[in-house]
Structure formats: C-alpha cells, structure tokens
$ cat work32.cif   # mmCIF, C-alpha atoms, pLDDT in the B column; chains and numbers go by the auth columns
data_target
#
loop_
_atom_site.group_PDB
_atom_site.id
_atom_site.type_symbol
_atom_site.label_atom_id
_atom_site.label_comp_id
_atom_site.label_asym_id
_atom_site.label_seq_id
_atom_site.Cartn_x
_atom_site.Cartn_y
_atom_site.Cartn_z
_atom_site.B_iso_or_equiv
_atom_site.auth_seq_id
_atom_site.auth_asym_id
ATOM 1 C CA MET A 1 21.455 56.871 -74.009 83.00 290 V
ATOM 2 C CA ALA A 2 22.785 56.540 -70.477 87.00 291 V
ATOM 3 C CA LEU A 3 19.895 58.625 -69.185 90.00 292 V
ATOM 4 C CA ALA A 4 17.451 56.379 -71.034 93.00 293 V
ATOM 5 C CA LEU A 5 19.058 53.368 -69.339 93.00 294 V
ATOM 6 C CA ALA A 6 18.688 55.047 -65.943 93.00 295 V
ATOM 7 C CA PHE A 7 14.990 55.683 -66.591 95.00 296 V
ATOM 8 C CA LEU A 8 14.555 52.135 -67.905 95.00 297 V
ATOM 9 C CA SER A 9 16.128 50.847 -64.697 95.00 298 V
ATOM 10 C CA ILE A 10 13.752 52.936 -62.574 95.00 299 V
ATOM 11 C CA ALA A 11 10.742 51.757 -64.584 96.00 300 V
ATOM 12 C CA LEU A 12 11.850 48.127 -64.188 96.00 301 V
ATOM 13 C CA MET A 13 12.239 48.593 -60.415 95.00 302 V
ATOM 14 C CA ALA A 14 8.742 50.056 -60.163 96.00 303 V
ATOM 15 C CA ILE A 15 7.262 47.257 -62.302 96.00 304 V
ATOM 16 C CA SER A 16 8.999 44.633 -60.168 96.00 305 V
ATOM 17 C CA GLN A 17 7.259 46.050 -57.075 95.00 306 V
ATOM 18 C CA LEU A 18 3.892 45.881 -58.848 96.00 307 V
ATOM 19 C CA VAL A 19 4.613 42.238 -59.760 96.00 308 V
ATOM 20 C CA PHE A 20 5.514 41.595 -56.092 94.00 309 V
ATOM 21 C CA LYS A 21 2.155 43.014 -55.061 94.00 310 V
ATOM 22 C CA ALA A 22 0.386 40.854 -57.650 94.00 311 V
ATOM 23 C CA ALA A 23 2.202 37.819 -56.232 91.00 312 V
ATOM 24 C CA SER A 24 1.128 38.737 -52.709 90.00 313 V
ATOM 25 C CA LEU A 25 -2.498 39.122 -53.827 89.00 314 V
ATOM 26 C CA ARG A 26 -2.393 35.636 -55.316 86.00 315 V
ATOM 27 C CA LEU A 27 -0.745 34.372 -52.136 82.00 316 V
ATOM 28 C CA ALA A 28 -3.419 35.961 -49.946 80.00 317 V
ATOM 29 C CA ALA A 29 -6.174 34.522 -52.135 79.00 318 V
ATOM 30 C CA SER A 30 -4.761 31.001 -52.077 74.00 319 V
ATOM 31 C CA ALA A 31 -3.709 30.889 -48.428 64.00 320 V
ATOM 32 C CA PRO A 32 -5.618 33.390 -46.293 53.00 321 V
ATOM 33 C CA ARG A 33 -4.080 32.016 -43.109 57.00 322 V
ATOM 34 C CA LEU A 34 -0.488 32.012 -44.044 54.00 323 V
ATOM 35 C CA LYS A 35 2.044 30.112 -41.999 56.00 324 V
ATOM 36 C CA PRO A 36 5.314 31.790 -42.919 52.00 325 V
ATOM 37 C CA ARG A 37 7.618 29.039 -41.661 53.00 326 V
ATOM 38 C CA GLY A 38 6.053 26.189 -43.587 53.00 327 V
ATOM 39 C CA SER A 39 5.693 27.912 -46.914 65.00 328 V
ATOM 40 C CA PHE A 40 8.929 29.915 -47.039 71.00 329 V
ATOM 41 C CA PHE A 41 10.433 28.255 -50.109 72.00 330 V
ATOM 42 C CA ALA A 42 7.061 27.729 -51.787 74.00 331 V
ATOM 43 C CA MET A 43 6.508 31.443 -51.344 76.00 332 V
ATOM 44 C CA ILE A 44 9.750 32.739 -52.812 76.00 333 V
ATOM 45 C CA SER A 45 9.718 30.228 -55.674 79.00 334 V
ATOM 46 C CA GLN A 46 6.354 31.408 -57.054 83.00 335 V
ATOM 47 C CA PRO A 47 6.681 32.314 -60.767 89.00 336 V
ATOM 48 C CA GLN A 48 5.639 35.907 -60.114 90.00 337 V
ATOM 49 C CA VAL A 49 8.217 36.282 -57.359 91.00 338 V
ATOM 50 C CA ILE A 50 10.950 34.873 -59.610 92.00 339 V
ATOM 51 C CA MET A 51 9.775 37.286 -62.310 94.00 340 V
ATOM 52 C CA ALA A 52 9.880 40.229 -59.906 93.00 341 V
ATOM 53 C CA LEU A 53 13.385 39.275 -58.751 92.00 342 V
ATOM 54 C CA GLY A 54 14.433 38.898 -62.403 94.00 343 V
ATOM 55 C CA LEU A 55 13.077 42.364 -63.216 95.00 344 V
ATOM 56 C CA ASN A 56 14.995 43.678 -60.221 92.00 345 V
ATOM 57 C CA GLY A 57 18.155 42.038 -61.555 91.00 346 V
ATOM 58 C CA CYS A 58 17.632 43.586 -65.009 94.00 347 V
ATOM 59 C CA ALA A 59 17.054 46.941 -63.306 94.00 348 V
ATOM 60 C CA ALA A 60 20.362 46.582 -61.447 91.00 349 V
ATOM 61 C CA VAL A 61 22.238 45.769 -64.655 91.00 350 V
ATOM 62 C CA CYS A 62 20.678 48.772 -66.452 93.00 351 V
ATOM 63 C CA TRP A 63 21.535 50.967 -63.464 90.00 352 V
ATOM 64 C CA LEU A 64 25.188 49.870 -63.454 87.00 353 V
ATOM 65 C CA LEU A 65 25.421 50.411 -67.232 89.00 354 V
ATOM 66 C CA ALA A 66 23.894 53.879 -66.821 90.00 355 V
ATOM 67 C CA LEU A 67 26.298 54.705 -63.987 87.00 356 V
ATOM 68 C CA SER A 68 29.267 53.775 -66.156 86.00 357 V
ATOM 69 C CA GLN A 69 28.436 56.880 -68.209 88.00 358 V
ATOM 70 C CA LEU A 70 26.619 59.167 -65.771 86.00 359 V
ATOM 71 C CA ASP A 71 27.805 60.873 -62.593 84.00 360 V
ATOM 72 C CA LEU A 72 26.297 59.306 -59.477 80.00 361 V
ATOM 73 C CA SER A 73 25.414 62.804 -58.242 79.00 362 V
ATOM 74 C CA TYR A 74 23.354 63.254 -61.389 82.00 363 V
ATOM 75 C CA ALA A 75 21.731 59.811 -61.450 84.00 364 V
ATOM 76 C CA ALA A 76 21.110 58.946 -57.775 84.00 365 V
ATOM 77 C CA PRO A 77 18.364 61.530 -57.113 86.00 366 V
ATOM 78 C CA LEU A 78 16.388 59.894 -59.946 89.00 367 V
ATOM 79 C CA LEU A 79 15.877 56.918 -57.605 88.00 368 V
ATOM 80 C CA SER A 80 13.440 58.983 -55.545 90.00 369 V
ATOM 81 C CA LEU A 81 11.087 58.877 -58.562 93.00 370 V
ATOM 82 C CA ASN A 82 10.281 55.295 -57.575 93.00 371 V
ATOM 83 C CA TYR A 83 8.525 56.465 -54.421 94.00 372 V
ATOM 84 C CA LEU A 84 6.092 58.307 -56.706 94.00 373 V
ATOM 85 C CA LEU A 85 5.851 55.733 -59.507 96.00 374 V
ATOM 86 C CA VAL A 86 5.098 52.706 -57.313 96.00 375 V
ATOM 87 C CA PRO A 87 2.122 54.292 -55.466 96.00 376 V
ATOM 88 C CA ILE A 88 0.777 55.659 -58.792 96.00 377 V
ATOM 89 C CA GLY A 89 1.005 52.138 -60.243 96.00 378 V
ATOM 90 C CA ALA A 90 -0.672 50.686 -57.141 96.00 379 V
ATOM 91 C CA PHE A 91 -3.455 53.245 -57.458 95.00 380 V
ATOM 92 C CA LEU A 92 -4.012 52.530 -61.162 96.00 381 V
ATOM 93 C CA LEU A 93 -3.607 48.749 -61.155 95.00 382 V
ATOM 94 C CA PHE A 94 -4.816 47.670 -57.726 95.00 383 V
ATOM 95 C CA ARG A 95 -7.292 50.497 -57.023 93.00 384 V
ATOM 96 C CA GLU A 96 -5.638 51.268 -53.696 93.00 385 V
ATOM 97 C CA LYS A 97 -7.372 54.056 -51.824 90.00 386 V
ATOM 98 C CA VAL A 98 -4.819 56.827 -51.595 91.00 387 V
ATOM 99 C CA SER A 99 -5.874 59.353 -48.970 92.00 388 V
ATOM 100 C CA ARG A 100 -4.666 62.965 -48.886 93.00 389 V
ATOM 101 C CA GLN A 101 -2.498 62.169 -45.889 94.00 390 V
ATOM 102 C CA ARG A 102 -0.916 59.306 -47.802 95.00 391 V
ATOM 103 C CA ILE A 103 -0.149 61.572 -50.769 95.00 392 V
ATOM 104 C CA LEU A 104 1.377 64.171 -48.457 96.00 393 V
ATOM 105 C CA ALA A 105 3.421 61.496 -46.655 96.00 394 V
ATOM 106 C CA ILE A 106 4.716 60.128 -49.967 96.00 395 V
ATOM 107 C CA LEU A 107 5.784 63.607 -51.088 96.00 396 V
ATOM 108 C CA VAL A 108 7.552 64.181 -47.751 96.00 397 V
ATOM 109 C CA ILE A 109 9.391 60.825 -48.079 95.00 398 V
ATOM 110 C CA CYS A 110 10.365 61.649 -51.669 95.00 399 V
ATOM 111 C CA SER A 111 11.830 64.987 -50.670 95.00 400 V
ATOM 112 C CA GLY A 112 13.700 63.369 -47.772 94.00 401 V
ATOM 113 C CA VAL A 113 15.198 60.740 -50.066 92.00 402 V
ATOM 114 C CA LEU A 114 16.096 63.484 -52.560 91.00 403 V
ATOM 115 C CA ILE A 115 17.917 65.449 -49.848 90.00 404 V
ATOM 116 C CA CYS A 116 19.782 62.286 -48.767 86.00 405 V
ATOM 117 C CA LEU A 117 20.789 61.309 -52.272 84.00 406 V
ATOM 118 C CA PHE A 118 21.824 64.817 -53.350 80.00 407 V
ATOM 119 C CA SER A 119 23.942 65.239 -50.252 70.00 408 V
ATOM 120 C CA SER A 120 25.419 61.743 -50.290 59.00 409 V
ATOM 121 C CA SER A 121 26.628 62.081 -53.844 54.00 410 V
ATOM 122 C CA SER A 122 28.135 65.544 -53.428 49.00 411 V
ATOM 123 C CA GLY A 123 29.418 65.101 -49.875 42.00 412 V
ATOM 124 C CA GLY A 124 30.684 61.543 -49.800 39.00 413 V
ATOM 125 C CA MET B 1 -10.332 45.200 -34.895 49.00 247 O
ATOM 126 C CA LYS B 2 -9.302 42.774 -37.617 57.00 248 O
ATOM 127 C CA VAL B 3 -8.197 45.607 -39.873 60.00 249 O
ATOM 128 C CA SER B 4 -5.960 47.158 -37.231 65.00 250 O
ATOM 129 C CA SER B 5 -4.347 43.856 -36.253 80.00 251 O
ATOM 130 C CA ASN B 6 -3.719 43.135 -39.912 83.00 252 O
ATOM 131 C CA LYS B 7 -2.078 46.539 -40.196 86.00 253 O
ATOM 132 C CA THR B 8 0.057 45.910 -37.121 89.00 254 O
ATOM 133 C CA ARG B 9 1.221 42.546 -38.446 89.00 255 O
ATOM 134 C CA GLY B 10 1.896 44.066 -41.837 91.00 256 O
ATOM 135 C CA LEU B 11 4.002 46.823 -40.291 93.00 257 O
ATOM 136 C CA LEU B 12 5.895 44.275 -38.196 94.00 258 O
ATOM 137 C CA ALA B 13 6.654 42.170 -41.297 94.00 259 O
ATOM 138 C CA LEU B 14 7.678 45.366 -43.084 95.00 260 O
ATOM 139 C CA ALA B 15 10.053 46.376 -40.293 96.00 261 O
ATOM 140 C CA VAL B 16 11.756 42.976 -40.104 96.00 262 O
ATOM 141 C CA SER B 17 11.943 42.785 -43.901 96.00 263 O
ATOM 142 C CA ILE B 18 13.598 46.216 -44.063 95.00 264 O
ATOM 143 C CA VAL B 19 16.145 45.292 -41.400 96.00 265 O
ATOM 144 C CA CYS B 20 16.942 41.980 -43.166 96.00 266 O
ATOM 145 C CA CYS B 21 17.349 43.650 -46.558 93.00 267 O
ATOM 146 C CA ALA B 22 19.544 46.430 -45.173 93.00 268 O
ATOM 147 C CA ALA B 23 21.673 43.905 -43.256 94.00 269 O
ATOM 148 C CA SER B 24 21.982 41.781 -46.405 93.00 270 O
ATOM 149 C CA GLN B 25 23.291 44.797 -48.346 89.00 271 O
ATOM 150 C CA LEU B 26 25.896 45.459 -45.658 90.00 272 O
ATOM 151 C CA LEU B 27 26.925 41.781 -45.536 92.00 273 O
ATOM 152 C CA LEU B 28 27.221 41.631 -49.327 89.00 274 O
ATOM 153 C CA LYS B 29 29.274 44.828 -49.319 86.00 275 O
ATOM 154 C CA SER B 30 31.664 43.484 -46.682 89.00 276 O
ATOM 155 C CA GLY B 31 31.826 40.108 -48.454 89.00 277 O
ATOM 156 C CA MET B 32 32.662 41.670 -51.795 85.00 278 O
ATOM 157 C CA SER B 33 35.247 44.001 -50.257 84.00 279 O
ATOM 158 C CA ALA B 34 36.886 41.082 -48.457 85.00 280 O
ATOM 159 C CA ILE B 35 37.428 39.202 -51.723 81.00 281 O
ATOM 160 C CA GLY B 36 39.557 42.000 -53.123 75.00 282 O
ATOM 161 C CA THR B 37 40.364 41.099 -56.718 77.00 283 O
ATOM 162 C CA LEU B 38 37.879 38.766 -58.411 74.00 284 O
ATOM 163 C CA PRO B 39 38.931 36.326 -61.156 76.00 285 O
ATOM 164 C CA ALA B 40 38.160 37.538 -64.677 74.00 286 O
ATOM 165 C CA LEU B 41 34.505 37.239 -65.634 73.00 287 O
ATOM 166 C CA ASN B 42 35.355 35.016 -68.632 77.00 288 O
ATOM 167 C CA ASN B 43 36.541 32.361 -66.175 79.00 289 O
ATOM 168 C CA LEU B 44 33.010 31.890 -64.898 80.00 290 O
ATOM 169 C CA PRO B 45 33.529 28.791 -62.662 82.00 291 O
ATOM 170 C CA ALA B 46 36.430 30.402 -60.786 83.00 292 O
ATOM 171 C CA TYR B 47 34.424 33.618 -60.553 81.00 293 O
ATOM 172 C CA ALA B 48 31.443 31.781 -59.082 83.00 294 O
ATOM 173 C CA VAL B 49 33.545 29.775 -56.631 85.00 295 O
ATOM 174 C CA SER B 50 35.292 32.878 -55.307 84.00 296 O
ATOM 175 C CA LEU B 51 31.855 34.312 -54.461 85.00 297 O
ATOM 176 C CA ILE B 52 31.107 31.427 -52.072 87.00 298 O
ATOM 177 C CA THR B 53 32.130 33.024 -48.784 89.00 299 O
ATOM 178 C CA PRO B 54 30.218 33.129 -45.483 91.00 300 O
ATOM 179 C CA PRO B 55 29.249 36.831 -45.663 90.00 301 O
ATOM 180 C CA ILE B 56 28.048 36.575 -49.275 91.00 302 O
ATOM 181 C CA ILE B 57 26.039 33.383 -48.702 93.00 303 O
ATOM 182 C CA GLY B 58 24.696 34.840 -45.459 94.00 304 O
ATOM 183 C CA GLY B 59 23.823 38.077 -47.246 93.00 305 O
ATOM 184 C CA LEU B 60 21.941 36.229 -49.976 92.00 306 O
ATOM 185 C CA MET B 61 20.038 34.130 -47.408 92.00 307 O
ATOM 186 C CA LEU B 62 19.060 37.249 -45.503 94.00 308 O
ATOM 187 C CA TYR B 63 17.938 38.783 -48.783 91.00 309 O
ATOM 188 C CA ALA B 64 15.725 35.749 -49.522 89.00 310 O
ATOM 189 C CA PHE B 65 14.268 35.919 -46.006 91.00 311 O
ATOM 190 C CA GLY B 66 13.658 39.659 -46.384 93.00 312 O
ATOM 191 C CA THR B 67 11.931 39.038 -49.721 91.00 313 O
ATOM 192 C CA ALA B 68 9.595 36.446 -48.183 90.00 314 O
ATOM 193 C CA LEU B 69 8.724 38.863 -45.385 93.00 315 O
ATOM 194 C CA TRP B 70 8.175 41.614 -47.945 93.00 316 O
ATOM 195 C CA LEU B 71 5.588 39.364 -49.629 91.00 317 O
ATOM 196 C CA ILE B 72 3.859 38.689 -46.312 90.00 318 O
ATOM 197 C CA CYS B 73 3.860 42.404 -45.609 93.00 319 O
ATOM 198 C CA LEU B 74 2.268 43.098 -49.018 93.00 320 O
ATOM 199 C CA THR B 75 -0.559 40.642 -48.269 90.00 321 O
ATOM 200 C CA LYS B 76 -1.512 42.887 -45.345 90.00 322 O
ATOM 201 C CA LEU B 77 -0.593 46.416 -46.430 93.00 323 O
ATOM 202 C CA ASP B 78 -1.251 48.535 -49.513 94.00 324 O
ATOM 203 C CA LEU B 79 1.736 48.768 -51.840 95.00 325 O
ATOM 204 C CA SER B 80 1.303 52.553 -51.762 95.00 326 O
ATOM 205 C CA VAL B 81 1.993 52.384 -48.006 95.00 327 O
ATOM 206 C CA ALA B 82 4.591 49.614 -47.807 96.00 328 O
ATOM 207 C CA TYR B 83 6.862 50.775 -50.631 95.00 329 O
ATOM 208 C CA PRO B 84 7.281 54.424 -49.573 95.00 330 O
ATOM 209 C CA ALA B 85 7.746 53.256 -45.960 94.00 331 O
ATOM 210 C CA SER B 86 10.576 51.008 -47.118 94.00 332 O
ATOM 211 C CA ALA B 87 12.602 54.201 -47.726 93.00 333 O
ATOM 212 C CA VAL B 88 13.743 53.653 -44.128 94.00 334 O
ATOM 213 C CA GLN B 89 15.986 50.959 -45.605 90.00 335 O
ATOM 214 C CA PHE B 90 18.066 53.735 -47.185 84.00 336 O
ATOM 215 C CA LEU B 91 18.625 55.243 -43.756 90.00 337 O
ATOM 216 C CA LEU B 92 19.615 51.894 -42.223 92.00 338 O
ATOM 217 C CA ILE B 93 22.127 51.326 -45.014 88.00 339 O
ATOM 218 C CA PHE B 94 23.551 54.836 -44.528 87.00 340 O
ATOM 219 C CA ALA B 95 23.784 54.204 -40.777 91.00 341 O
ATOM 220 C CA GLY B 96 25.420 50.810 -41.294 90.00 342 O
ATOM 221 C CA ALA B 97 27.855 52.205 -43.865 88.00 343 O
ATOM 222 C CA TRP B 98 28.828 54.861 -41.350 89.00 344 O
ATOM 223 C CA TYR B 99 29.117 52.464 -38.396 91.00 345 O
ATOM 224 C CA PHE B 100 30.836 49.515 -40.095 89.00 346 O
ATOM 225 C CA PHE B 101 32.680 51.035 -43.041 86.00 347 O
ATOM 226 C CA GLY B 102 33.348 54.567 -41.768 88.00 348 O
ATOM 227 C CA GLU B 103 31.534 56.223 -44.662 84.00 349 O
ATOM 228 C CA PRO B 104 30.915 59.911 -43.845 84.00 350 O
ATOM 229 C CA VAL B 105 27.626 61.240 -42.460 84.00 351 O
ATOM 230 C CA THR B 106 26.938 64.777 -43.603 86.00 352 O
ATOM 231 C CA ASN B 107 24.485 67.250 -42.081 89.00 353 O
ATOM 232 C CA PRO B 108 22.267 67.341 -45.198 88.00 354 O
ATOM 233 C CA ARG B 109 22.097 63.555 -45.066 88.00 355 O
ATOM 234 C CA LEU B 110 20.919 63.712 -41.446 91.00 356 O
ATOM 235 C CA ALA B 111 18.347 66.353 -42.382 93.00 357 O
ATOM 236 C CA GLY B 112 17.114 64.179 -45.247 92.00 358 O
ATOM 237 C CA ALA B 113 16.875 61.218 -42.866 93.00 359 O
ATOM 238 C CA ALA B 114 14.727 63.275 -40.463 95.00 360 O
ATOM 239 C CA VAL B 115 12.414 64.270 -43.334 96.00 361 O
ATOM 240 C CA VAL B 116 12.082 60.631 -44.453 95.00 362 O
ATOM 241 C CA ILE B 117 11.236 59.527 -40.898 95.00 363 O
ATOM 242 C CA ALA B 118 8.616 62.272 -40.600 96.00 364 O
ATOM 243 C CA GLY B 119 7.074 61.120 -43.880 96.00 365 O
ATOM 244 C CA VAL B 120 7.041 57.464 -42.837 95.00 366 O
ATOM 245 C CA LEU B 121 5.351 58.361 -39.526 95.00 367 O
ATOM 246 C CA LEU B 122 2.756 60.410 -41.398 94.00 368 O
ATOM 247 C CA LEU B 123 2.207 57.459 -43.716 93.00 369 O
ATOM 248 C CA THR B 124 1.935 54.683 -41.141 91.00 370 O
ATOM 249 C CA LEU B 125 -0.126 56.644 -38.611 89.00 371 O
ATOM 250 C CA ASP B 126 -2.757 57.381 -41.284 82.00 372 O
ATOM 251 C CA ARG B 127 -6.083 56.303 -39.786 76.00 373 O
ATOM 252 C CA LYS B 128 -7.959 56.265 -43.087 66.00 374 O
ATOM 253 C CA PRO B 129 -8.999 52.678 -43.860 59.00 375 O
ATOM 254 C CA SER B 130 -6.782 51.002 -46.390 68.00 376 O
ATOM 255 C CA THR B 131 -8.011 49.108 -49.411 72.00 377 O
ATOM 256 C CA PRO B 132 -10.072 46.022 -48.445 64.00 378 O
ATOM 257 C CA SER B 133 -8.157 42.787 -48.158 57.00 379 O
ATOM 258 C CA PRO B 134 -7.560 41.097 -51.513 50.00 380 O
ATOM 259 C CA THR B 135 -9.413 37.938 -50.516 47.00 381 O
ATOM 260 C CA THR B 136 -12.673 39.844 -50.744 41.00 382 O
ATOM 261 C CA LEU B 137 -11.784 41.076 -54.237 41.00 383 O
ATOM 262 C CA ASN B 138 -11.377 37.651 -55.748 35.00 384 O
#
$ encode --input "work32.cif" --output "structure tokens"
Amino acid sequence: MALALAFLSIALMAISQLVFKAASLRLAASAPRLKPRGSFFAMISQPQVIMALGLNGCAAVCWLLALSQLDLSYAAPLLSLNYLLVPIGAFLLFREKVSRQRILAILVICSGVLICLFSSSSGG
Amino acid sequence: MKVSSNKTRGLLALAVSIVCCAASQLLLKSGMSAIGTLPALNNLPAYAVSLITPPIIGGLMLYAFGTALWLICLTKLDLSVAYPASAVQFLLIFAGAWYFFGEPVTNPRLAGAAVVIAGVLLLTLDRKPSTPSPTTLN
C-alpha cells in the first residue's frame, strides 16, 4: 500500500511536468514574444499551471503518506525514476526528438541522482 | 542563429529557476524550523496565521517566481532536456543544507553530484537540433 502511494506520487509528479509543458506550449502559441515582467501573474494563474501545481501538491501529500510507512532509504531512490518518466512522456506526448546523446545524458543524471539519494539516506 | 539564442535564453531561465526553487526550499525549511511547535491542525486559522512569517512568505514568493521562470524555460527548451537538467536543484539543496543547516556531506554524495553534473553537461552541450518551436506546430 505504502509502495503504491510512493509510485502514485512519482506518477503524479511526472504528469504535473507534462501539464507544465502543455501550459508552456499554449503560452508560446498565444504570446510568441513573451515579456516576463508584464505577464507574471497572468502566466502563473493559467488553469493548466494551477492544475500542474495542484498535481504537485497531491504528489507531495502521497509522498508524505508513503514515507510515514516506508524507510526514506528505501523510498528516496525511487525519485530518480522521474528523470526517466518525464522524458519518456515528453517523447510520447510532445514528439520531442530524443537524440542518443540525450538518452545517455539522462541515464548518467539518473545514476548520479541514485548515488546521491542512496548515500544521503544511509549516511545522513 | 535563432535556435541557438533560444537555447541560450532557455538555459538562462532554467538556471535562474533552479536557483530560485532551491533557495525557496531552504527558506521554507528555515521558516518551518523557526516556528518550532505549530498549533494543532484542527485549529486551522491559528495554524494558518502561524505560517505567516517572513521566511515562509519569501520562500513561497520565490517558488512562484521560479515556477514562472520554469514556464518560460519550457517555451524554449524540450521538456526532455529541461527536466533532467533540473536535477542540479538537488545538488543546490544539498549544498545549502550543508552550508546553512550543517547537514553532513558524504563522499558518495559528492561522487553522485559529480555524476549528475557530468550528465547535465552532456545534456546541455548536445548539438543535435531540438524539437521545432511549438509555434510552428500549431
């Protein structure tokens, strides 16, 4: 159950990033020459942005619930899954061109995050 | 030329967004620690009021600013580049936790940080053209 919550949290985090990207695509389509200062609040109050932030909030709640039953050392390395899931989602949904170098770089980043999270939970 | 300048701006927005988000996490952490014991959650008004402190409000504002920059960054970069590159945020939070809160830095953590940085360099120095700008798709 706790593990399912942890995976749910990770899925929600990944989905929230895909919703963020969808929001940015809409933003780019509506205002190609964006002036960040003028449209700051308009930008972060877009429905899709609110939705993405809401998904992020749900993900955080699920994560905290999962952590109340799981060891951090067991759960934290799961977070590195996101660095795989988000690019896969971007590839499938937004047809992003993922070069070999990009795939390699993503795998390197994943392993680095894994090393960090394994060590931080056992060492600190 | 346009593509590369778009990429540069995207990376700049990404970098500032990452710094803002990491700083907001550290501010929120220090704000929450400073409060000490919170009122019970069933006393919601008192709970909410006790959260109104300069570091927490500042942290939330930085988070909003970082989110806006993240959106700008995503209008210029592929999500499959920007999101993995944002792993640097982890490292900034580790560094800040060590510097401000005295949380320990272990050798494996440093090694992991080096691997992440290598991966981010590999990712951002990729010369392969990224996906065409979304305005041409619509």
$ interface_residues --input "work32.cif" --of "chain O" --to "chain V" --cutoff "9 Å" --atoms "all atoms listed in the file" --output "PyMOL selection string"
chain O and resi 310-311+313-322+324-327+329-331+333+336-337+349-370+372+374-384
$ atom_distance --input "work32.cif" --atom1 "CA of Phe296 in chain V" --atom2 "CA of Asp360 in chain V"
14.4 Å
$ residues_around --input "work32.cif" --residues "Ile264 in chain O" --least-positions-apart "5" --cutoff "7 Å" --atoms "only C-alpha atoms" --output "PyMOL selection string"
chain O and resi 312+332+335
$ atom_distance --input "work32.cif" --atom1 "CA of Ala294 in chain O" --atom2 "CA of Ala349 in chain V"
18.6 Å
$ atom_distance --input "work32.cif" --atom1 "CA of Leu272 in chain O" --atom2 "CA of Leu306 in chain O"
10.9 Å
$ residues_around --input "work32.cif" --residues "Phe346 in chain O" --least-positions-apart "6" --cutoff "12 Å" --atoms "all atoms listed in the file" --output "PyMOL selection string"
chain O and resi 269+272-273+275-276+338-340
$ axis_aligned_box --input "work32.cif" --around "range 319-327 of chain O" --padding-each-side "4 Å" --output "AutoDock Vina command-line options"
--center_x 1.2 --center_y 46.6 --center_z -48.6 --size_x 13.4 --size_y 19.9 --size_z 14.5
$ closest_residue --input "work32.cif" --among "O:Arg373, O:Tyr345, O:Ala280, O:Val334" --to "Ala268 in chain O" --atoms "all atoms listed in the file"
O:Val334
$ resolve_selection --input "work32.cif" --expression "the PyMOL selection byres ((chain O and resi 257) around 9)" --output "list in words"
Asn252, Lys253, Thr254, Arg255, Gly256, Leu258, Ala259, Leu260, Ala261, Val262, Cys319, Lys322, Leu323, Ala328 and Thr370 of chain O
$ write_last_selection --input "work32.cif" --atoms "C-alpha atoms" --output "PDB file, in the frame of the given file"
ATOM      1  CA  ASN O 252      -3.719  43.135 -39.912  1.00 83.00           C
ATOM      2  CA  LYS O 253      -2.078  46.539 -40.196  1.00 86.00           C
ATOM      3  CA  THR O 254       0.057  45.910 -37.121  1.00 89.00           C
ATOM      4  CA  ARG O 255       1.221  42.546 -38.446  1.00 89.00           C
ATOM      5  CA  GLY O 256       1.896  44.066 -41.837  1.00 91.00           C
ATOM      6  CA  LEU O 258       5.895  44.275 -38.196  1.00 94.00           C
ATOM      7  CA  ALA O 259       6.654  42.170 -41.297  1.00 94.00           C
ATOM      8  CA  LEU O 260       7.678  45.366 -43.084  1.00 95.00           C
ATOM      9  CA  ALA O 261      10.053  46.376 -40.293  1.00 96.00           C
ATOM     10  CA  VAL O 262      11.756  42.976 -40.104  1.00 96.00           C
ATOM     11  CA  CYS O 319       3.860  42.404 -45.609  1.00 93.00           C
ATOM     12  CA  LYS O 322      -1.512  42.887 -45.345  1.00 90.00           C
ATOM     13  CA  LEU O 323      -0.593  46.416 -46.430  1.00 93.00           C
ATOM     14  CA  ALA O 328       4.591  49.614 -47.807  1.00 96.00           C
ATOM     15  CA  THR O 370       1.935  54.683 -41.141  1.00 91.00           C
TER      16      THR O 370
END
$ residues_around --input "work32.cif" --residues "Ile299 in chain V" --least-positions-apart "3" --cutoff "9 Å" --atoms "all atoms listed in the file" --output "ChimeraX atom specification"
/V:294-296,302-304,348,351-352,367-368,370-371,374
$ build_atoms --input "work32.cif" --residues "range 338-350 of chain O" --atoms "N, CA and C atoms" --output "short mmCIF file (atom, residue, chain, number, x, y, z; two decimals), in the coordinates of the input"
data_model
loop_
_atom_site.label_atom_id
_atom_site.label_comp_id
_atom_site.auth_asym_id
_atom_site.auth_seq_id
_atom_site.Cartn_x
_atom_site.Cartn_y
_atom_site.Cartn_z
N LEU O 338 18.89 52.95 -42.93
CA LEU O 338 19.61 51.89 -42.22
C LEU O 338 20.93 51.60 -42.94
N ILE O 339 20.90 51.61 -44.27
CA ILE O 339 22.13 51.33 -45.01
C ILE O 339 23.14 52.45 -44.80
N PHE O 340 22.66 53.71 -44.82
CA PHE O 340 23.55 54.84 -44.53
C PHE O 340 24.17 54.67 -43.14
N ALA O 341 23.30 54.34 -42.16
CA ALA O 341 23.78 54.20 -40.78
C ALA O 341 24.80 53.07 -40.68
N GLY O 342 24.50 51.94 -41.33
CA GLY O 342 25.42 50.81 -41.29
C GLY O 342 26.73 51.13 -42.00
N ALA O 343 26.65 51.85 -43.12
CA ALA O 343 27.86 52.20 -43.86
C ALA O 343 28.74 53.13 -43.03
N TRP O 344 28.08 53.97 -42.24
CA TRP O 344 28.83 54.86 -41.35
C TRP O 344 29.45 54.07 -40.20
N TYR O 345 28.66 53.17 -39.58
CA TYR O 345 29.12 52.46 -38.40
C TYR O 345 30.18 51.42 -38.74
N PHE O 346 29.94 50.63 -39.80
CA PHE O 346 30.84 49.52 -40.10
C PHE O 346 31.95 49.88 -41.06
N PHE O 347 31.68 50.76 -42.01
CA PHE O 347 32.68 51.04 -43.04
C PHE O 347 33.25 52.45 -42.94
N GLY O 348 32.81 53.23 -41.95
CA GLY O 348 33.35 54.57 -41.77
C GLY O 348 33.01 55.54 -42.89
N GLU O 349 31.91 55.26 -43.62
CA GLU O 349 31.53 56.22 -44.66
C GLU O 349 30.97 57.48 -43.99
N PRO O 350 31.25 58.67 -44.55
CA PRO O 350 30.92 59.91 -43.84
C PRO O 350 29.42 60.17 -43.74
#
